[in-house]
$ cat start.cif   # mmCIF, C-alpha atoms
data_structure
loop_
_atom_site.group_PDB
_atom_site.id
_atom_site.type_symbol
_atom_site.label_atom_id
_atom_site.label_comp_id
_atom_site.auth_asym_id
_atom_site.auth_seq_id
_atom_site.Cartn_x
_atom_site.Cartn_y
_atom_site.Cartn_z
ATOM 1 C CA MET A 25 60.779 64.481 15.107
ATOM 2 C CA LYS A 26 60.618 67.271 12.577
ATOM 3 C CA ASN A 27 63.652 69.542 12.311
ATOM 4 C CA PHE A 28 62.461 73.123 12.673
ATOM 5 C CA ALA A 29 64.425 76.067 11.413
ATOM 6 C CA LYS A 30 66.172 78.363 13.864
ATOM 7 C CA PRO A 31 63.544 80.566 15.555
ATOM 8 C CA PRO A 32 63.427 84.128 14.215
ATOM 9 C CA LYS A 33 64.585 86.932 16.430
ATOM 10 C CA LEU A 34 61.667 88.777 17.997
ATOM 11 C CA LEU A 35 61.317 92.489 18.508
ATOM 12 C CA PHE A 36 60.467 92.236 22.189
ATOM 13 C CA ASN A 37 62.854 92.491 25.113
ATOM 14 C CA ASN A 38 60.649 91.275 27.950
ATOM 15 C CA SER A 39 57.884 88.827 28.678
ATOM 16 C CA LEU A 40 55.306 91.623 29.035
ATOM 17 C CA ASN A 41 55.804 92.782 25.458
ATOM 18 C CA PHE A 42 55.919 89.223 24.170
ATOM 19 C CA SER A 43 52.693 88.496 26.031
ATOM 20 C CA PHE A 44 51.134 91.516 24.324
ATOM 21 C CA PHE A 45 52.329 90.134 20.997
ATOM 22 C CA ALA A 46 50.589 86.843 21.771
ATOM 23 C CA ARG A 47 47.353 88.538 22.784
ATOM 24 C CA MET A 48 47.233 90.347 19.445
ATOM 25 C CA SER A 49 47.804 87.215 17.347
ATOM 26 C CA LEU A 50 46.034 84.345 15.728
ATOM 27 C CA PHE A 51 47.995 81.100 15.546
ATOM 28 C CA VAL A 52 47.386 78.852 12.548
ATOM 29 C CA SER A 53 48.600 75.481 11.330
ATOM 30 C CA SER A 54 47.560 72.920 8.765
ATOM 31 C CA LEU A 55 47.569 69.633 10.646
ATOM 32 C CA ASN A 56 46.978 67.799 7.358
ATOM 33 C CA SER A 57 45.790 68.850 3.927
ATOM 34 C CA GLY A 58 44.852 66.626 1.006
ATOM 35 C CA SER A 59 42.446 63.950 -0.186
ATOM 36 C CA ASN A 60 43.759 61.672 2.588
ATOM 37 C CA GLY A 61 42.479 64.060 5.265
ATOM 38 C CA ASN A 62 42.035 67.748 6.068
ATOM 39 C CA CYS A 63 42.310 69.476 9.434
ATOM 40 C CA TYR A 64 43.155 73.125 10.136
ATOM 41 C CA TYR A 65 43.941 74.766 13.495
ATOM 42 C CA ILE A 66 43.147 78.447 14.148
ATOM 43 C CA GLY A 67 43.242 80.041 17.580
ATOM 44 C CA ASN A 68 44.387 82.823 19.874
ATOM 45 C CA GLU A 69 46.339 82.355 23.097
ATOM 46 C CA ASN A 70 43.283 81.107 25.015
ATOM 47 C CA GLU A 71 41.009 79.205 22.643
ATOM 48 C CA ALA A 72 41.060 77.570 19.233
ATOM 49 C CA VAL A 73 38.841 75.827 16.708
ATOM 50 C CA LEU A 74 39.445 73.077 14.198
ATOM 51 C CA VAL A 75 38.039 73.352 10.713
ATOM 52 C CA ASP A 76 37.327 69.802 9.512
ATOM 53 C CA VAL A 77 38.519 66.584 11.130
ATOM 54 C CA GLY A 78 39.639 64.341 8.305
ATOM 55 C CA ILE A 79 42.422 62.592 10.218
ATOM 56 C CA SER A 80 42.179 60.444 13.338
ATOM 57 C CA CYS A 81 41.927 61.843 16.849
ATOM 58 C CA ARG A 82 45.203 60.111 17.710
ATOM 59 C CA GLU A 83 46.989 61.727 14.780
ATOM 60 C CA ILE A 84 45.641 65.152 15.685
ATOM 61 C CA GLU A 85 46.946 64.666 19.222
ATOM 62 C CA ARG A 86 50.377 63.600 17.953
ATOM 63 C CA ARG A 87 50.729 66.511 15.591
ATOM 64 C CA MET A 88 49.535 69.100 18.040
ATOM 65 C CA LYS A 89 51.913 67.723 20.654
ATOM 66 C CA ARG A 90 54.823 68.102 18.211
ATOM 67 C CA LEU A 91 53.769 71.724 17.756
ATOM 68 C CA ASP A 92 53.386 72.294 21.519
ATOM 69 C CA LEU A 93 49.705 73.120 21.002
ATOM 70 C CA SER A 94 47.312 72.193 23.794
ATOM 71 C CA MET A 95 44.276 70.043 23.002
ATOM 72 C CA GLN A 96 42.531 71.792 25.897
ATOM 73 C CA LYS A 97 42.446 75.016 23.906
ATOM 74 C CA ILE A 98 40.206 73.512 21.240
ATOM 75 C CA LYS A 99 36.699 74.699 22.049
ATOM 76 C CA ALA A 100 34.754 73.724 18.913
ATOM 77 C CA VAL A 101 34.891 72.011 15.543
ATOM 78 C CA PHE A 102 33.495 73.414 12.297
ATOM 79 C CA ILE A 103 32.683 71.051 9.427
ATOM 80 C CA SER A 104 32.710 72.337 5.856
ATOM 81 C CA HIS A 105 30.968 69.369 4.169
ATOM 82 C CA GLU A 106 30.413 65.632 4.446
ATOM 83 C CA HIS A 107 33.162 64.152 2.260
ATOM 84 C CA THR A 108 35.186 61.539 4.116
ATOM 85 C CA ASP A 109 38.479 63.444 3.992
ATOM 86 C CA HIS A 110 36.830 66.148 6.126
ATOM 87 C CA ILE A 111 34.969 64.077 8.735
ATOM 88 C CA ARG A 112 36.906 60.793 9.110
ATOM 89 C CA GLY A 113 38.120 61.457 12.669
ATOM 90 C CA LEU A 114 35.173 63.499 13.895
ATOM 91 C CA HIS A 115 33.352 60.904 16.011
ATOM 92 C CA SER A 116 36.390 59.844 18.011
ATOM 93 C CA LEU A 117 37.569 63.401 18.617
ATOM 94 C CA VAL A 118 34.151 64.617 19.771
ATOM 95 C CA LYS A 119 33.626 61.586 21.982
ATOM 96 C CA LYS A 120 36.965 61.964 23.733
ATOM 97 C CA TYR A 121 36.921 65.740 24.231
ATOM 98 C CA SER A 122 33.161 66.493 24.358
ATOM 99 C CA LEU A 123 33.490 69.223 21.763
ATOM 100 C CA PRO A 124 30.569 71.040 20.159
ATOM 101 C CA VAL A 125 30.324 70.464 16.411
ATOM 102 C CA TYR A 126 29.075 73.246 14.153
ATOM 103 C CA ILE A 127 27.538 71.456 11.196
ATOM 104 C CA THR A 128 24.434 71.855 9.026
ATOM 105 C CA THR A 129 21.577 69.368 8.920
ATOM 106 C CA PRO A 130 22.198 68.264 5.307
ATOM 107 C CA THR A 131 25.876 67.629 6.095
ATOM 108 C CA LEU A 132 24.865 65.527 9.109
ATOM 109 C CA LYS A 133 22.401 63.556 7.010
ATOM 110 C CA PHE A 134 24.566 62.884 3.968
ATOM 111 C CA GLY A 135 27.649 62.268 6.085
ATOM 112 C CA ARG A 136 25.686 59.663 8.062
ATOM 113 C CA LEU A 137 26.868 61.306 11.255
ATOM 114 C CA TYR A 138 25.053 60.573 14.497
ATOM 115 C CA PHE A 139 25.667 62.505 17.701
ATOM 116 C CA LYS A 140 23.795 63.238 20.881
ATOM 117 C CA THR A 141 21.523 66.212 20.322
ATOM 118 C CA ASP A 142 23.498 68.397 22.731
ATOM 119 C CA VAL A 143 26.699 68.040 20.661
ATOM 120 C CA THR A 144 25.742 69.528 17.305
ATOM 121 C CA ARG A 145 25.099 73.195 16.573
ATOM 122 C CA ASN A 146 23.511 74.277 13.319
ATOM 123 C CA PHE A 147 24.669 77.406 11.536
ATOM 124 C CA THR A 148 23.341 79.522 8.708
ATOM 125 C CA PRO A 149 25.089 81.401 5.881
ATOM 126 C CA HIS A 150 26.870 84.614 6.930
ATOM 127 C CA GLU A 151 25.971 84.105 10.592
ATOM 128 C CA THR A 152 28.734 85.101 13.006
ATOM 129 C CA ILE A 153 29.352 82.550 15.762
ATOM 130 C CA SER A 154 31.341 83.380 18.886
ATOM 131 C CA VAL A 155 33.698 80.819 20.405
ATOM 132 C CA GLY A 156 35.285 82.663 23.269
ATOM 133 C CA ASN A 157 36.828 85.714 21.642
ATOM 134 C CA LEU A 158 36.957 84.081 18.231
ATOM 135 C CA LYS A 159 34.363 85.032 15.628
ATOM 136 C CA ILE A 160 33.596 82.439 12.956
ATOM 137 C CA THR A 161 31.576 83.160 9.832
ATOM 138 C CA ALA A 162 30.446 80.588 7.271
ATOM 139 C CA PHE A 163 29.550 81.270 3.654
ATOM 140 C CA PRO A 164 28.368 78.958 0.853
ATOM 141 C CA LYS A 165 30.869 77.686 -1.698
ATOM 142 C CA LEU A 166 30.717 75.824 -5.014
ATOM 143 C CA HIS A 167 31.463 72.157 -4.367
ATOM 144 C CA ASP A 168 29.726 68.874 -5.098
ATOM 145 C CA ALA A 169 28.471 68.260 -1.568
ATOM 146 C CA SER A 170 25.056 68.600 0.038
ATOM 147 C CA ASP A 171 25.579 71.949 1.778
ATOM 148 C CA PRO A 172 29.226 73.060 1.538
ATOM 149 C CA TYR A 173 30.751 76.061 3.330
ATOM 150 C CA SER A 174 33.979 77.954 3.731
ATOM 151 C CA PHE A 175 34.891 79.824 6.913
ATOM 152 C CA THR A 176 36.628 82.917 8.164
ATOM 153 C CA ILE A 177 37.905 83.141 11.732
ATOM 154 C CA SER A 178 38.465 86.549 13.303
ATOM 155 C CA TYR A 179 40.068 87.818 16.474
ATOM 156 C CA ASN A 180 40.279 91.542 17.215
ATOM 157 C CA ASP A 181 40.937 92.942 13.740
ATOM 158 C CA ILE A 182 42.758 89.835 12.415
ATOM 159 C CA ARG A 183 41.004 87.519 9.966
ATOM 160 C CA VAL A 184 42.013 84.098 8.609
ATOM 161 C CA GLY A 185 40.150 82.235 5.875
ATOM 162 C CA VAL A 186 39.839 78.502 5.213
ATOM 163 C CA PHE A 187 39.066 78.240 1.494
ATOM 164 C CA THR A 188 39.389 74.695 0.124
ATOM 165 C CA ASP A 189 37.216 72.304 -1.914
ATOM 166 C CA ILE A 190 35.987 75.080 -4.188
ATOM 167 C CA GLY A 191 34.964 74.643 -7.823
ATOM 168 C CA LEU A 192 35.170 78.285 -8.853
ATOM 169 C CA PRO A 193 36.162 81.572 -7.169
ATOM 170 C CA CYS A 194 32.633 82.955 -6.695
ATOM 171 C CA GLU A 195 31.811 86.434 -5.409
ATOM 172 C CA ASN A 196 31.472 85.105 -1.855
ATOM 173 C CA LEU A 197 35.013 83.770 -1.953
ATOM 174 C CA ILE A 198 36.437 86.911 -3.537
ATOM 175 C CA ASN A 199 34.769 89.210 -1.007
ATOM 176 C CA HIS A 200 35.991 87.200 1.978
ATOM 177 C CA PHE A 201 39.487 86.690 0.544
ATOM 178 C CA LYS A 202 39.872 90.460 0.278
ATOM 179 C CA GLN A 203 39.419 90.737 4.047
ATOM 180 C CA CYS A 204 41.981 88.147 5.163
ATOM 181 C CA HIS A 205 45.377 88.687 6.770
ATOM 182 C CA ALA A 206 46.078 85.019 6.015
ATOM 183 C CA ALA A 207 44.312 82.202 4.205
ATOM 184 C CA PHE A 208 44.372 78.496 3.602
ATOM 185 C CA LEU A 209 43.710 78.503 -0.155
ATOM 186 C CA GLU A 210 43.171 75.460 -2.317
ATOM 187 C CA ALA A 211 45.625 74.840 -5.165
ATOM 188 C CA ASN A 212 44.467 71.356 -6.044
ATOM 189 C CA TYR A 213 45.741 70.565 -9.520
ATOM 190 C CA ASP A 214 47.942 71.618 -12.385
ATOM 191 C CA ASP A 215 45.885 71.750 -15.608
ATOM 192 C CA GLU A 216 48.472 69.993 -17.753
ATOM 193 C CA MET A 217 49.123 67.241 -15.219
ATOM 194 C CA LEU A 218 45.398 66.571 -14.870
ATOM 195 C CA ASP A 219 44.769 66.593 -18.619
ATOM 196 C CA LYS A 220 47.650 64.205 -19.349
ATOM 197 C CA GLY A 221 47.117 62.014 -16.293
ATOM 198 C CA ASN A 222 45.408 58.656 -16.078
ATOM 199 C CA TYR A 223 42.226 59.756 -14.303
ATOM 200 C CA PRO A 224 39.069 58.666 -16.154
ATOM 201 C CA PHE A 225 37.277 61.362 -18.120
ATOM 202 C CA HIS A 226 34.319 61.596 -15.729
ATOM 203 C CA LEU A 227 36.660 62.282 -12.789
ATOM 204 C CA LYS A 228 38.617 64.918 -14.703
ATOM 205 C CA ARG A 229 35.322 66.574 -15.615
ATOM 206 C CA ARG A 230 34.213 66.459 -11.988
ATOM 207 C CA ILE A 231 37.420 68.100 -10.763
ATOM 208 C CA LYS A 232 37.328 70.890 -13.372
ATOM 209 C CA GLY A 233 33.554 71.182 -13.684
ATOM 210 C CA GLY A 234 32.879 74.206 -11.478
ATOM 211 C CA LYS A 235 31.918 72.270 -8.349
ATOM 212 C CA GLY A 236 35.143 70.341 -7.876
ATOM 213 C CA HIS A 237 38.454 71.937 -6.980
ATOM 214 C CA LEU A 238 40.523 75.052 -7.662
ATOM 215 C CA SER A 239 43.469 74.709 -10.021
ATOM 216 C CA ASN A 240 46.847 76.318 -9.451
ATOM 217 C CA LYS A 241 45.979 78.842 -12.151
ATOM 218 C CA GLN A 242 42.621 79.752 -10.593
ATOM 219 C CA ALA A 243 44.129 80.109 -7.120
ATOM 220 C CA LEU A 244 46.993 82.240 -8.402
ATOM 221 C CA ASP A 245 44.614 84.472 -10.338
ATOM 222 C CA LEU A 246 42.527 84.967 -7.197
ATOM 223 C CA PHE A 247 45.642 85.877 -5.233
ATOM 224 C CA LYS A 248 47.039 88.268 -7.847
ATOM 225 C CA ARG A 249 43.775 90.076 -8.493
ATOM 226 C CA HIS A 250 42.189 90.196 -5.048
ATOM 227 C CA ARG A 251 44.739 89.831 -2.273
ATOM 228 C CA PRO A 252 44.567 92.706 0.220
ATOM 229 C CA SER A 253 47.623 94.826 0.867
ATOM 230 C CA PHE A 254 47.720 93.620 4.484
ATOM 231 C CA MET A 255 47.835 89.890 3.685
ATOM 232 C CA THR A 256 50.968 88.302 5.152
ATOM 233 C CA HIS A 257 50.575 84.501 4.796
ATOM 234 C CA LEU A 258 49.106 82.218 2.148
ATOM 235 C CA ILE A 259 48.963 78.493 2.923
ATOM 236 C CA LEU A 260 48.441 76.574 -0.330
ATOM 237 C CA SER A 261 46.236 73.625 0.549
ATOM 238 C CA HIS A 262 44.536 70.420 -0.612
ATOM 239 C CA LEU A 263 47.119 69.615 -3.309
ATOM 240 C CA SER A 264 46.317 66.564 -5.407
ATOM 241 C CA GLN A 265 48.764 63.706 -4.965
ATOM 242 C CA ASN A 266 48.482 62.690 -8.630
ATOM 243 C CA ASN A 267 47.824 65.965 -10.437
ATOM 244 C CA ASN A 268 50.054 68.453 -8.681
ATOM 245 C CA CYS A 269 53.524 68.894 -7.221
ATOM 246 C CA PRO A 270 54.413 70.845 -4.048
ATOM 247 C CA LYS A 271 57.611 72.205 -5.638
ATOM 248 C CA LEU A 272 55.673 73.390 -8.680
ATOM 249 C CA VAL A 273 53.113 75.180 -6.507
ATOM 250 C CA GLU A 274 55.789 76.792 -4.331
ATOM 251 C CA GLU A 275 57.746 78.077 -7.327
ATOM 252 C CA LEU A 276 54.624 79.328 -9.094
ATOM 253 C CA PHE A 277 53.294 81.336 -6.160
ATOM 254 C CA THR A 278 56.645 82.568 -4.870
ATOM 255 C CA GLN A 279 57.172 84.416 -8.146
ATOM 256 C CA HIS A 280 54.174 86.573 -7.285
ATOM 257 C CA ALA A 281 54.473 86.684 -3.490
ATOM 258 C CA GLU A 282 55.329 90.399 -3.190
ATOM 259 C CA GLY A 283 56.092 90.067 0.513
ATOM 260 C CA VAL A 284 53.472 87.435 1.354
ATOM 261 C CA LYS A 285 54.918 84.325 2.985
ATOM 262 C CA MET A 286 54.032 81.289 0.859
ATOM 263 C CA ILE A 287 53.583 77.920 2.577
ATOM 264 C CA VAL A 288 52.622 74.663 0.877
ATOM 265 C CA ALA A 289 50.594 72.462 3.236
ATOM 266 C CA SER A 290 51.502 68.780 3.274
ATOM 267 C CA ARG A 291 49.321 65.675 3.033
ATOM 268 C CA HIS A 292 51.812 63.849 5.270
ATOM 269 C CA GLU A 293 52.622 66.179 8.166
ATOM 270 C CA GLU A 294 51.712 69.360 9.959
ATOM 271 C CA THR A 295 53.035 72.810 9.082
ATOM 272 C CA PRO A 296 54.732 74.945 11.713
ATOM 273 C CA VAL A 297 52.474 77.283 13.676
ATOM 274 C CA TYR A 298 52.339 80.763 12.189
ATOM 275 C CA HIS A 299 51.626 84.037 13.990
ATOM 276 C CA ILE A 300 49.108 86.137 12.126
ATOM 277 C CA THR A 301 48.976 89.724 13.337
ATOM 278 C CA SER A 302 47.480 92.994 12.259
ATOM 279 C CA THR A 303 49.735 95.198 10.165
ATOM 280 C CA SER A 304 47.988 98.177 11.719
ATOM 281 C CA ASN A 305 50.236 97.698 14.777
ATOM 282 C CA PRO A 306 53.772 98.884 13.871
ATOM 283 C CA LEU A 307 55.318 97.075 16.857
ATOM 284 C CA ILE A 308 54.459 93.636 15.524
ATOM 285 C CA HIS A 309 56.172 91.675 12.784
ATOM 286 C CA HIS A 310 54.977 88.355 11.350
ATOM 287 C CA HIS A 311 56.742 85.157 12.385
ATOM 288 C CA SER A 312 56.416 81.439 12.268
ATOM 289 C CA VAL A 313 56.390 80.027 15.775
ATOM 290 C CA GLN A 314 58.722 77.251 16.776
ATOM 291 C CA PRO A 315 57.915 74.772 19.560
ATOM 292 C CA ALA A 316 60.280 76.410 22.034
ATOM 293 C CA GLN A 317 58.406 79.676 21.631
ATOM 294 C CA MET A 318 54.933 78.148 21.728
ATOM 295 C CA GLU A 319 55.445 76.886 25.275
ATOM 296 C CA LEU A 320 54.914 80.467 26.383
ATOM 297 C CA PHE A 321 51.279 80.197 25.316
ATOM 298 C CA VAL A 322 50.351 76.603 26.271
#
$ encode --input "start.cif" --output "structure tokens"
Amino acid sequence: MKNFAKPPKLLFNNSLNFSFFARMSLFVSSLNSGSNGNCYYIGNENEAVLVDVGISCREIERRMKRLDLSMQKIKAVFISHEHTDHIRGLHSLVKKYSLPVYITTPTLKFGRLYFKTDVTRNFTPHETISVGNLKITAFPKLHDASDPYSFTISYNDIRVGVFTDIGLPCENLINHFKQCHAAFLEANYDDEMLDKGNYPFHLKRRIKGGKGHLSNKQALDLFKRHRPSFMTHLILSHLSQNNNCPKLVEELFTQHAEGVKMIVASRHEETPVYHITSTSNPLIHHHSVQPAQMELFV
């Protein structure tokens, strides 16, 4: 069992105020992030979505249980593209929980995914989809897949972005990043480690070629130049096992945090659950949520 830090003191003196705090929040966690599997949880107190299902249904259940997150709150799955590390556990999860899958036709085709017709839901660029009170918007990204997308998830005036598997920070990414209170942002590789590593030339070219992955330098530049003043959390995601180092990423971004909480997502375990709230409400501060606190919302 993971050892969580001591829960932060909250500003609220009664359950009514704490309940209000919950109603005004999005809860986010990286259940796994890396080439071995990607899965991100975003939800409010009543409903949640998963972006990508690159780990097994059983592992998702285990990790959510450790976080005191209820599987019954997951109301839909959104798939960014067809690469195996984003869809590996999709069939088993959908079969067990009868979840709708938001996925485009090319991603279905090239991912060789077959579902009953009543399971899948197509989506189009910049369309806003409602899942309960959550609003999900997809936009195209630069990646070497058939029809790749990134997503933002909104609740009230709070917005969280899931921005991984991106070759270059295009205008779409920049515009959506500027609107986020929190984001999962790819920091896949360190340039020097990749250049000096033992990957074959064609793979290095693919990674750096504009439709591969974001480097630490590219991600940091995006953060420094375009982060909004109200951003509170940045979850550095999809780190390469061979061409990056979590400590290096943490040190690099922490130097420029300026009040933003920096989290490095792991390829081996889940992150804690983080509260994302609107800075427009002066009564609310930003906290990570420990299991003992989460039971109030399950």
$ atom_distance --input "start.cif" --atom1 "CA of Gln96 in chain A" --atom2 "CA of Asn60 in chain A"
25.4 Å
$ axis_aligned_box --input "start.cif" --around "range 59-70 of chain A" --padding-each-side "5 Å" --output "lines of an AutoDock Vina configuration file"
center_x = 44.2
center_y = 72.2
center_z = 12.4
size_x = 14.3
size_y = 31.2
size_z = 35.2
$ resolve_selection --input "start.cif" --expression "the PyMOL selection byres ((chain A and resi 188) around 7)" --output "list of chain:residue names"
A:Val186, A:Phe187, A:Asp189, A:Ile190, A:Leu209, A:Glu210, A:Ser261, A:His262
$ resolve_selection --input "start.cif" --expression "the PyMOL selection byres ((chain A and resi 199) around 12)" --output "list in words"
Phe163, Thr176, Gly185, Pro193, Cys194, Glu195, Asn196, Leu197, Ile198, His200, Phe201, Lys202, Gln203, Cys204, Leu246, Arg249, His250, Arg251 and Pro252 of chain A
$ closest_residue --input "start.cif" --among "A:Ser59, A:Asn146, A:Ser154, A:Asn212" --to "Lys241 in chain A" --atoms "all atoms listed in the file"
A:Asn212
$ atom_distance --input "start.cif" --atom1 "CA of Glu69 in chain A" --atom2 "CA of Ile98 in chain A"
10.9 Å
$ atom_distance --input "start.cif" --atom1 "CA of Ser290 in chain A" --atom2 "CA of Pro270 in chain A"
8.1 Å
$ closest_residue --input "start.cif" --among "A:Leu137, A:Leu263, A:Cys81, A:Leu238" --to "Tyr121 in chain A" --atoms "all atoms listed in the file"
A:Cys81
$ resolve_selection --input "start.cif" --expression "the PyMOL selection byres ((chain A and resi 164) around 10)" --output "list in words"
Ser104, Thr148, Pro149, His150, Ala162, Phe163, Lys165, Leu166, His167, Asp171, Pro172, Tyr173, Ser174, Phe175, Ile190, Cys194, Asn196 and Leu197 of chain A
$ closest_residue --input "start.cif" --among "A:Ile160, A:Ser170, A:Lys271, A:Asn68" --to "Thr129 in chain A" --atoms "all atoms listed in the file"
A:Ser170
$ closest_residue --input "start.cif" --among "A:Thr256, A:Thr301, A:Ser94, A:Asn56" --to "Ile79 in chain A" --atoms "only C-alpha atoms"
A:Asn56
$ closest_residue --input "start.cif" --among "A:Gln242, A:Ala169, A:Lys248, A:Val118" --to "Pro130 in chain A" --atoms "all atoms listed in the file"
A:Ala169
